[in-house]
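To keep things clear, I will list the structure first and then write my remarks on it.
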Amino acid sequence: MNVVLQIKQATAKVISSIYGITMPWQDILVNATKPEFEGDYTVVLFAFVKQLKKSPDALGKELGDALLLENPDIFKHYNIIKGFLNLGIADSYWLRFLDSTVNQTQFGNQNANQQRVMVEYSSPNTNKPLHLGHLRNNFLGRSIAEILKANGYDVSKTCIVNDRGIHICKSMVAWQLYANGTSPKDANMKGDHFVGDYYVKFNDTYKSQINELKNAGMTEELAEKEAPIMLAAQQMLQDWETGKPDVLELWRKMNEWVYAGFETTYQRIGSDFDKTYYESQTYLLGKDLVDEGLAKGVFYQKEDGSVWIDLTNDGLDEKLVRRKDGTSVYITQDIGLAEQKQKEFNAGQSIYVVGDEQNYHFKVLKLICQKLGLPSADGIYHLSYGMVELPTGKMKSREGTVVDADDLVEEMVNIAKQKTEELGKVKDFTPEELTDLYDIIGLGALKFFLLRVDPKKKMVFNPEESIDFHGFTGPFIQYTYARIKSILRKANQENQTQTPNPKLQTLLPLEKELSIHLEMFPSVLQDAAIEHDPSKVAIYIFNLAKIFNSFYTEHSIANAESEEKKMLRLQIATITAQVIKNGMSVLGIRVPERM
RNA sequence: GGUCCCGUAGUUCAAUGGAUAGAAUAGGAGUUUCCUAAACUCUAGAUGCAAGUUCGAUUCUUGCCGGGACCA
């Protein structure tokens with residue numbers, strides 16, 4: 001149990017015993033004390049001043065005295081300033097914490113809690129390669145899964161591949177028209193890029209055909225419908241649905257190319273899935289649920305035969321769930337898939353990592369599932385993340401402003417290489433070690449950049465400025481880790497075994513600040529899981545690294561003032577390295593032993 | 001037309017209703033006979049506007065201005 005919890009519970013207990021009032025300890029606000037004041041943690045008194053009918057000063061004094069008296073092994077001193085009770089934690093508390101933590105390699109992780117969670121992420125289309133937005137999705141999904149695992153959850157990662165529909169047919173038509181039967185191998189390209197190029201080709205042709213028809217006197221609206229290449233794509237979709245063999249064969253072949261390309265990218269960026277669903281196999285799911293909903297009176301039928309649900313009482317609109325021609329819509333198959341997954345995994349929570357443009361869709365999805373009384377309903381959680389934008393605005397594939405995922409990864413790794421060579425610190429590495437190091441740094445920078453921001457918020461990626469290895473970045477933290485490991489290696493070479501540090505020590509301000517920060521790690525991980533927010537971990541690790549950098553530039557570890565100090569600092573360094581490693585690990589970022 | 005989200009230093013991001021709004025970067029000034037200068041230290045710089053609720057508002061409410069998303 002960390003010290004903040006102990007403060008809250010001790011305060012609640014003291015309030016109860018002095019004033020006879022039951023105060024839920026969760027309601028007690030405890031903050032880190034601002035650096036300009038004396039103390040480590042602060043209880044904010046305003047919240048219960050009214051209830052207890054005491055002046056803040058009198059209340060603070062009574063609480064402070066009682067807390068010190070009853071918890072001499074935690075608190076050393078206190079002061080009150082304007083309704084803030086600043087508590088000083090005893091150095092011995094931190095020394096005990098360091099001592100008991102130094103050998104816990106899994107510090108921060110919770111025991112298994114038998115609760116199952118599903119995380120669905122990535123969800124690509126098979127008509128084009130992954131881009132920057134997918135990277136944010138993949139890193140978030142992977143990271144949230146790791147954070148939940150660290151908190152004891154049994155996590156299953158799934159992916160739904162959007163492998164059917166008109167957009168897939170577009171690249172198929174263009175390939176038939178322009179590829180002369182060539183394959184990615186012939187073009188020496190990754191399959192996803194190869195297919196993506198034909199998707200672009202389709203749109204180019206489509207545009208010029210529209211212009212031709214308009215020049216021939218057709219209205220724009222009509223031209224968009226009548227363009228021959230679009231008619232061909234629609235015909236192909238029909239043929240696909242009726243199962244025309246040569247269309248299915250082409251579809252399979254092109255999808256295989258794309259999957260091979262995705263697989264390469266996924267391996268590179270560290271995405272993996274326990275189960276992959278394909279929309280071609282799930283798009284008919286949910287049809288029977290529409291009939292069920294009609295029978296239950298949750299849905300209603302209009303005169304034309306279409307089926308709807310009325311969500312106006314929930315502040316939304318009426319929503320179509322089955323077209324008049326009997327075909328289903330997106331929301332219907334999503335309901336069906338939710339049920340399918342529920343049957344297979346029986347998870348208590350099902351997290352969908354999907355962009356915030358689909359907020360409305362998921363609101364509707366959850367509501368309908370609830371109204372149908374489906375077991376999956378209450379566990380549906382939309383982890384909605386903001387779009388990644390460029391300084392010029394939204395990425396638009398039509399305007400060629402999409403940042404390709406593979407290109408970006410390569411660029412980051414190349415910059416890592418260039419930077420490492422300039423510094424020339426690892427000239428003794430083998431070529432394999434160097435390649436690995438460039439990957440660690442380049443990918444670390446990219447992942448950290450995309451994960452350090454609150455997922456809910458949209459973010460800006462500036463190709464010129466975003467690629468930085470200084471300051472609030474992955475490499476900054478990786479460098480701190482490498483420095484610590486270097487220090488620890490040298491200390492071990494001197495055959496210094498880690499003996500428990502003697503109790504009679506006083507901590508210097510930076511030593512204490514590090515101890516306080518390290519002790520917070522498990523609660524930061526918990527918080528990140530509750531909030532579904534990896535940025536909490538990223539910010540925490542960065543602050544930890546920053547404090548450590550100040551600490552070890554100011555205080556020598558190897559040449560500490562005394563043997564006891566040296567042992568203490570080695571403990572702090574060891575735990576800091578461990579926490580950096582574990583924290584970066586849940587972000588999907590590796591740390592190098594040297595750089 | 002309706003629903004929802006977002007406006008914080010030049011820029012990119014923080015801040016469960018709590019103390020003098022934190023970082024990073026760009027700018028200015030420094031630090032290397034001493035564990036890796038991808039580091040450290042100092043400096044300057046911000047809550048779109050206007051009301052309201054509150055002991056206290058970046059945070060909650062309303063209106064306006066500006067940007068974005070979605071629904072038909």
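Ordering of the structure tokens sets the chain letters (A, B, ...), residue numbers begin anew at 1 in every chain, and ligands are numbered from 1 in the order given.
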
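If you take only C-alpha atoms (C1' of nucleotides) and a cut-off of 8 Å, the residues of chain B that reach chain A are U3, U12, C13, G18, A19, A23, A24, U25, C35, U36, A38, A39, C40, A69, C70 and C71 of chain B.
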
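For B:C60, the list of residues within 9 Å, based on only C-alpha atoms (C1' of nucleotides) and with local chain neighbours fewer than 2 positions off taken out, reads G17, U53 and A57 of chain B.
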
| task | For stretch 310-313 of chain A, please output as a VMD selection string all residues within 12 Å (counting only C-alpha atoms (C1' of nucleotides); exclusion window: fewer than 4 positions along the same chain). | result | (chain A and resid 297 to 302 317 to 321 360 363 to 368 370 to 371) or (chain B and resid 2 to 3)

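Ranking A:Ile15, A:Val3, A:Ala445, A:Ile160 by their shortest atom-to-atom distance to A:Ala90, with only C-alpha atoms included, puts A:Val3 first.
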
| Nearest residue to A:Ala233 from the set A:His382, A:Lys61, A:Lys8, A:Lys170 (distances using only C-alpha atoms) | A:Lys170

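Atom CA of A:Val117 to atom CA of A:Asp154 spans 6.1 Å [interatomic distance, one decimal].
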
| request: Mind giving me the straight-line distance from atom CA of A:Tyr178 to atom CA of A:Gly191 in Å, one decimal? | output: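 It comes out at 16.1 Å.
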
| So which bits of stretch 238-348 of chain A end up alpha helix (DSSP H) when you DSSP the backbone, as a VMD selection string? | chain A and resid 238 to 242 245 to 269 279 to 282 287 to 296 330 to 345
